[in-house]
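**Student:** Please see the structure below; I have some questions.
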Amino acid sequence: MATNYDFEHQTYQLSDEERWTSLRSAVLAIKNKFNKNVLLIEYADNPELKKAILNRVEDLNCALFMGTIDLQQQPQFDPN
């Protein structure tokens with residue numbers, strides 16, 4: 001949602017604003033319609049992207065998993 005992975009260039013990036021806005025609206029509609037929590041799966045490989053993701057999703061009140069593209073582990077960021 002907040003991020004995507006470019007398989008051609010093997011890079012993690014924020015989704016463009018149009019895609020983010022559309023997906024955010026869809027998640028909020030699903031949460032409201034079914035009164036269920038949603039698990040967001042996001043991809044990051046650096047602390048700056050992690051911070052950007054957290055800023056984007058903080059008001060959604062959803063569970064969040066932030067992982068590497070293969071979803072086998074959480075990224076290892078500096079604890080600061």
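Ordering of the structure tokens sets the chain letters (A, B, ...), residue numbers begin anew at 1 in every chain, and ligands are numbered from 1 in the order given.
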Could you please write out, as a list of chain:residue names, every residue of range 11-46 of chain A that DSSP assigns to strand (DSSP E or B)?
**Tutor:**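 For range 11-46 of chain A, the strand (DSSP E or B) set is A:Thr11, A:Tyr12, A:Gln13, A:Leu14, A:Leu39, A:Leu40, A:Ile41, A:Glu42, A:Tyr43.
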**Student:** Grab the residues selected above and save them as a compact mmCIF listing (two decimals), in the first residue's frame with N, CA, C and O atoms.
**Tutor:**
# COMPACT_ATOMS: atom_id res chain seq x y z
N THR A 11 14.54 -2.37 -6.04
CA THR A 11 14.53 -1.28 -5.08
C THR A 11 13.18 -1.17 -4.39
O THR A 11 12.13 -1.48 -4.97
N TYR A 12 13.21 -0.74 -3.16
CA TYR A 12 12.02 -0.45 -2.37
C TYR A 12 11.71 1.04 -2.53
O TYR A 12 12.62 1.86 -2.60
N GLN A 13 10.42 1.38 -2.57
CA GLN A 13 10.06 2.78 -2.74
C GLN A 13 8.66 3.05 -2.20
O GLN A 13 7.87 2.13 -2.05
N LEU A 14 8.39 4.32 -1.93
CA LEU A 14 7.04 4.72 -1.55
C LEU A 14 6.15 4.64 -2.79
O LEU A 14 6.58 4.95 -3.90
N LEU A 39 -4.50 -6.23 8.21
CA LEU A 39 -3.05 -6.36 8.32
C LEU A 39 -2.42 -5.75 7.08
O LEU A 39 -2.68 -6.18 5.95
N LEU A 40 -1.61 -4.73 7.29
CA LEU A 40 -0.88 -4.11 6.20
C LEU A 40 0.49 -4.77 6.10
O LEU A 40 1.16 -4.98 7.11
N ILE A 41 0.90 -5.09 4.90
CA ILE A 41 2.23 -5.64 4.66
C ILE A 41 2.98 -4.62 3.82
O ILE A 41 2.56 -4.28 2.71
N GLU A 42 4.05 -4.12 4.39
CA GLU A 42 4.85 -3.09 3.73
C GLU A 42 6.29 -3.58 3.58
O GLU A 42 6.73 -4.46 4.30
N TYR A 43 6.99 -2.97 2.64
CA TYR A 43 8.36 -3.36 2.32
C TYR A 43 9.31 -2.18 2.55
O TYR A 43 9.02 -1.07 2.11
**Student:** At a cut-off of 12 Å, using only C-alpha atoms, what residues contact Leu28 in chain A? Leave out same-chain residues fewer than 4 positions from it and give the result as a list of chain:residue names.
**Tutor:**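 The filter keeps A:Thr21, A:Ser22, A:Leu23, A:Arg24, A:Asn32, A:Lys33, A:Phe34, A:Asn35, A:Lys36, A:Asn37, A:Val38, A:Leu40, A:Val57, A:Asp59, A:Leu60, A:Asn61, A:Cys62.
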**Student:** Could you turn the residues from that selection into a file that holds N, CA and C atoms, as a short mmCIF file (atom, residue, chain, number, x, y, z; two decimals), in the first residue's frame?
**Tutor:**
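Writing done, so here's selection-v8.cif:
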data_model
loop_
_atom_site.label_atom_id
_atom_site.label_comp_id
_atom_site.auth_asym_id
_atom_site.auth_seq_id
_atom_site.Cartn_x
_atom_site.Cartn_y
_atom_site.Cartn_z
N THR A 21 -3.41 7.03 -2.07
CA THR A 21 -4.73 7.58 -1.72
C THR A 21 -5.84 6.58 -2.04
N SER A 22 -5.75 5.97 -3.20
CA SER A 22 -6.76 4.99 -3.61
C SER A 22 -6.78 3.78 -2.68
N LEU A 23 -5.63 3.22 -2.39
CA LEU A 23 -5.56 2.04 -1.52
C LEU A 23 -5.96 2.37 -0.09
N ARG A 24 -5.57 3.55 0.38
CA ARG A 24 -5.95 3.98 1.73
C ARG A 24 -7.47 4.04 1.85
N ASN A 32 -14.54 -0.27 7.73
CA ASN A 32 -15.85 0.23 8.15
C ASN A 32 -16.96 -0.76 7.82
N LYS A 33 -16.92 -1.35 6.64
CA LYS A 33 -17.98 -2.26 6.22
C LYS A 33 -18.03 -3.53 7.06
N PHE A 34 -16.86 -4.10 7.35
CA PHE A 34 -16.82 -5.39 8.03
C PHE A 34 -16.44 -5.30 9.50
N ASN A 35 -16.07 -4.11 9.95
CA ASN A 35 -15.68 -3.90 11.35
C ASN A 35 -14.59 -4.90 11.77
N LYS A 36 -13.61 -5.05 10.91
CA LYS A 36 -12.49 -5.96 11.17
C LYS A 36 -11.18 -5.21 11.03
N ASN A 37 -10.17 -5.69 11.74
CA ASN A 37 -8.85 -5.11 11.59
C ASN A 37 -8.22 -5.61 10.29
N VAL A 38 -7.32 -4.83 9.76
CA VAL A 38 -6.64 -5.15 8.51
C VAL A 38 -5.14 -5.24 8.80
N LEU A 40 -1.61 -4.73 7.29
CA LEU A 40 -0.88 -4.11 6.20
C LEU A 40 0.49 -4.77 6.10
N VAL A 57 0.84 5.37 7.50
CA VAL A 57 -0.19 4.43 7.98
C VAL A 57 -0.66 4.69 9.41
N ASP A 59 -2.53 6.77 10.99
CA ASP A 59 -3.92 7.08 11.29
C ASP A 59 -4.90 5.99 10.85
N LEU A 60 -4.41 4.92 10.22
CA LEU A 60 -5.29 3.85 9.77
C LEU A 60 -5.66 2.88 10.89
N ASN A 61 -4.88 2.87 11.96
CA ASN A 61 -5.13 1.96 13.08
C ASN A 61 -5.25 0.51 12.60
N CYS A 62 -4.26 0.08 11.83
CA CYS A 62 -4.20 -1.29 11.31
C CYS A 62 -2.96 -1.98 11.88
#
**Student:** Could you pull out the residues in range 6-79 of chain A that DSSP calls helix (DSSP H, G or I) from the backbone, as an MDAnalysis selection string?
**Tutor:** chainID A and resid 17:34 47:60
**Student:** Take CA of Glu17 in chain A and CA of Lys51 in chain A and report the distance between them in Å, one decimal.
**Tutor:**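 Computing the Euclidean distance for CA of Glu17 in chain A and CA of Lys51 in chain A yields 16.4 Å.
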**Student:** Smallest atom-to-atom distance to Ala26 in chain A: which of A:Glu58, A:Leu71, A:Gln76, A:Met1, using only C-alpha atoms?
**Tutor:**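 Of the candidates, the smallest distance to Ala26 in chain A is held by A:Met1.
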**Student:** Can you pull out the residues contacting range 6-10 of chain A? Cut-off 12 Å, using only C-alpha atoms, and skip same-chain residues under 5 positions away; I want them as a list in words.
**Tutor:**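 So the residues in contact are Ser15, Tyr43, Ala44, Asp45, Thr68, Ile69 and Asp70 of chain A.
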**Student:** Report the distance between CA of Leu49 in chain A and CA of Ser25 in chain A in Å, rounded to one decimal place.
**Tutor:**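 CA of Leu49 in chain A sits 21.4 Å away from CA of Ser25 in chain A.
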**Student:** So how many Å separate CA of Leu64 in chain A and CA of Ala52 in chain A, to one decimal?
**Tutor:**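 CA of Leu64 in chain A sits 13.5 Å away from CA of Ala52 in chain A.
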